[in-house]
Each structure stands twice: as structure tokens, then as C-alpha cells.
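The structure under discussion appears below in the form of C-alpha cells.
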Amino acid sequence: EMCIRDRGLNHVITLHVEPLPVATPVTMERKCDDNQDGLFPFDVSTIDATVRNGQTDITISYFDEQGNALPSPLPNPFLTKSQTITINVENNNSTINPARFDETTLEFIVDDAPEVYPITLEPICDDGEDTTDGFSSFDTSTIETNLLGGQTTMKVFYFDGENNPLPSPLPNPFFTSTQIVTVIIQNPLNTACSVSTNLNFVVN
């Protein structure tokens with residue numbers, strides 16, 4: 001607050017300086033779609049306190065991407081698709097119209113979770129030059145396509161019975177003895193979004 005006097009030391013005007021509220025930036029960890037509906041229930045229990053950061057006499061407002069008002073505080077869990085919301089912080093006791101405010105944004109990212117389509121491999125007989133060595137050649141030409149079931153953005157990783165990486169896609173033919181190969185399908189945008197299955201190669 002500042003008082004201005006004229007040369008005759010008379011009180012002329014009082015200036016009030018209102019503090020500018022601060023919308024403290026906040027982030028949210030990206031999540032995997034938990035049931036293939038494009039939505040995720042985010043835990044937003046600490047968002048209000050983080051944005052407030054100890055400030056009192058402020059009002060926090062939330063707006064979706066279309067500018068529509070959201071409840072304040074946000075419902076917890078906050079079920080949403082991928083979107084960036086706006087957070088507005090305004091002085092409660094402002095005498096200025098419009099009131100002083102600050103804003104920040106918060107990005108919610110829901111990454112696509114991969115699906116795996118299990119495959120049953122038929123056992124085959126020991127073949128090749130030595131029909132007693134326990135090895136045979138498997139046709140792997142359709143394995144990856146069948147595992148992905150039309151998904152085009154996922155990466156596929158293969159590991160042998162001792163957890164050593166194998167080429168991806170598997171070589172064709174795949175010359176192997178009886179073993180279980182682990183398959184991991186992963187979203188490259190978020191490696192936490194992954195699913196696994198086993199391929200059972202059986203040589204009789």
C-alpha cells in the first residue's frame with residue numbers, strides 16, 4: 001500500500017498493490033490404458049495442494065481442452081482421455097475487475113496398452129540331417145502377425161529359455177530344440193505399457 005501526498009503534505013491518493021497469485025506448475029505421470037477404452041483414472045489427490053503451494057485466499061479453477069469448467073478440486077480419481085487442461089489461480093480478495101490471476105496447464109497422457117493374441121504351435125518331429133539331435137525347423141512366417149492381431153505401432157521382443165534376447169522377428173525357419181520362448185509386446189512411447197506371453201516350441 002502506498003500513500004501519495006502533495007507538496008502541501010495533504011493526503012491525495014492511496015495506491016493498493018495486490019500480489020499476483022502464482023499457479024505452481026504440476027505434472028502427471030503418463031499412464032497405460034487399463035482396459036482398451038482410451039481412458040485412465042488418474043490419482044489427482046495432490047494436484048490442488050501442489051498448485052496452491054501454501055497460498056491462501058485464492059480460488060483454483062480447472063478447464064478442459066474445450067474451455068469447459070471442471071469441478072474444483074478435481075474429482076479423485078479423475079477419469080480422462082489424453083488431454084491438456086488449464087488451471088487458473090485467482091485472488092479472492094481482489095478489488096480489481098477482472099481480478100489478477102495466473103494460469104498453468106496440466107497434461108494427462110493415456111498411452112495405448114498392447115494386446116497379445118495367444119498362439120498355439122503344433123509340435124513337430126525332429127528333422128534335418130540328424131533326426132536324433134532334438135532340433136527342428138519351425139515356420140515362423142505368421143507368428144508375429146498373429147501375436148499382434150493388427151496392431152501396427154507396437155514392438156515385439158523375444159527371449160529364449162535362459163532370458164537371452166532373440167532376433168525380432170524370429171528367423172524363418174527358426175531352428176530350435178524344445179523350448180519356451182517369452183514374447184514381450186511393448187508400446188515404444190511408454191515402455192511401462194507391455195504384455196507378455198509364451199511360445200512353446202516342441203520337438204518330438
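A note on labels: chains of the C-alpha cells are A, B, ... as shown, every chain counts residues from 1, and ligands are counted from 1 in their shown order.
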
Mind checking which residues fall within 7 Å of stretch 49-51 of chain A, counting only C-alpha atoms, ignoring those fewer than 3 positions away in the same chain, and posting them as a compact mmCIF listing (two decimals) with N, CA and C atoms, in the first residue's frame?
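Full text of part-v5.txt as output:
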```txt
# COMPACT_ATOMS: atom_id res chain seq x y z
N ALA A 23 0.28 -19.79 -10.14
CA ALA A 23 -0.18 -21.15 -10.42
C ALA A 23 1.06 -22.03 -10.53
N THR A 24 1.38 -22.72 -9.46
CA THR A 24 2.58 -23.55 -9.44
C THR A 24 2.44 -24.68 -10.45
N PRO A 25 3.42 -24.84 -11.35
CA PRO A 25 3.32 -25.93 -12.35
C PRO A 25 3.24 -27.30 -11.69
N VAL A 26 2.52 -28.18 -12.32
CA VAL A 26 2.33 -29.53 -11.81
C VAL A 26 2.38 -30.50 -12.98
N THR A 46 -3.18 -34.86 -4.98
CA THR A 46 -2.21 -33.85 -4.54
C THR A 46 -2.16 -32.63 -5.46
```

Stretch 37-113 of chain A: residues DSSP assigns to alpha helix (DSSP H), reported as number ranges by chain: A: 47-52

Near A:Leu70, counting only C-alpha atoms, which residues have an atom at most 12 Å away, once you skip same-chain residues fewer than 3 positions from it, shown as a PyMOL selection string? chain A and resi 60-67+73-75+78+80+85-88

When DSSP works through the backbone of this structure, what residues of stretch 7-189 of chain A end up as strand (DSSP E), shown as a PyMOL selection string? chain A and resi 11-15+31-32+40-42+58-63+69-70+78-80+83-91+101-108+110-111+135-138+155-159+165-166+174-177+179-187

Just to confirm, what's the straight-line distance from atom CA of A:Asp33 to atom CA of A:Pro165 in Å (one decimal)?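 Separation between atom CA of A:Asp33 and atom CA of A:Pro165: 27.0 Å.
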
What gap, in Å, lies between atom CA of A:Asn200 and atom CA of A:Thr120?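 These two atoms are separated by 7.5 Å.
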
Please list as number ranges by chain every residue within 10 Å of stretch 139-153 of chain A, counting only C-alpha atoms and excluding residues in the same chain fewer than 4 positions away. A: 112, 114-121, 168-175, 183, 185-189, 197, 199

A:Asn163: which residues within 12 Å, counting only C-alpha atoms, same-chain residues fewer than 2 positions away excluded, as JSON, numbers by chain? {"A": [157, 158, 159, 160, 161, 165, 166, 179, 180, 181, 182, 183, 184]}

With only C-alpha atoms as the basis for distance, which of A:Ser136, A:Thr27, A:Ser72, A:Asn164 is at the shortest distance from A:Leu106?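 Between A:Ser136, A:Thr27, A:Ser72, A:Asn164, the residue approaching A:Leu106 most closely is A:Thr27.
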
In Å, with one decimal, what is the gap from atom CA of A:Ser196 to atom CA of A:Glu29?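 Atom CA of A:Ser196 sits 22.8 Å away from atom CA of A:Glu29.
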
Minimum-distance residue to A:Phe138, chosen among A:Thr84, A:Met28, A:Ser194, A:Val202 (using only C-alpha atoms):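 Going through A:Thr84, A:Met28, A:Ser194, A:Val202 one by one, the smallest distance to A:Phe138 is for A:Val202.
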
All residues 12 Å or closer to A:Asp37, only C-alpha atoms, same chain fewer than 4 positions away omitted, as a CSV table (one decimal) with N, CA, C and O atoms, in the first residue's frame:
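Listing of part-v2.csv after writing:
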```
chain,number,residue,atom,x,y,z
A,32,CYS,N,-0.9,-46.1,-18.7
A,32,CYS,CA,-1.3,-47.1,-19.8
A,32,CYS,C,-2.8,-47.2,-19.7
A,32,CYS,O,-3.4,-47.4,-18.6
A,33,ASP,N,-3.5,-47.3,-20.8
A,33,ASP,CA,-4.9,-47.6,-20.9
A,33,ASP,C,-5.1,-48.9,-20.2
A,33,ASP,O,-4.6,-49.9,-20.7
A,41,PRO,N,-8.1,-43.7,-14.9
A,41,PRO,CA,-8.5,-43.0,-13.7
A,41,PRO,C,-7.2,-42.4,-12.9
A,41,PRO,O,-6.6,-43.1,-12.1
A,79,LEU,N,-11.1,-39.5,-14.1
A,79,LEU,CA,-11.2,-40.4,-15.3
A,79,LEU,C,-11.2,-39.6,-16.6
A,79,LEU,O,-12.1,-38.8,-16.8
A,80,THR,N,-10.1,-39.7,-17.4
A,80,THR,CA,-10.0,-38.9,-18.6
A,80,THR,C,-9.2,-39.6,-19.7
A,80,THR,O,-8.5,-40.6,-19.4
A,81,LYS,N,-9.4,-39.1,-20.9
A,81,LYS,CA,-8.6,-39.5,-22.0
A,81,LYS,C,-7.4,-38.6,-22.0
A,81,LYS,O,-7.2,-37.8,-21.1
A,82,SER,N,-6.5,-38.7,-23.0
A,82,SER,CA,-5.4,-37.8,-23.1
A,82,SER,C,-5.9,-36.4,-23.4
A,82,SER,O,-6.6,-36.2,-24.4
A,110,VAL,N,-2.7,-40.8,-21.8
A,110,VAL,CA,-3.1,-42.2,-21.7
A,110,VAL,C,-2.6,-42.9,-22.9
A,110,VAL,O,-3.0,-42.7,-24.0
A,111,ASP,N,-1.6,-43.8,-22.6
A,111,ASP,CA,-0.9,-44.5,-23.7
A,111,ASP,C,-1.7,-45.8,-24.0
A,111,ASP,O,-2.2,-46.4,-23.1
A,112,ASP,N,-1.7,-46.2,-25.3
A,112,ASP,CA,-2.3,-47.4,-25.7
A,112,ASP,C,-1.6,-48.6,-25.1
A,112,ASP,O,-0.3,-48.7,-25.2
A,113,ALA,N,-2.3,-49.5,-24.5
A,113,ALA,CA,-1.7,-50.7,-23.9
A,113,ALA,C,-1.8,-51.8,-25.0
A,113,ALA,O,-2.8,-52.0,-25.6
```

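You can rank A:Asn76, A:Ala69, A:Pro19, A:Arg30 by their closest distance to A:Thr56 using only C-alpha atoms, and at the top of that list sits A:Pro19.
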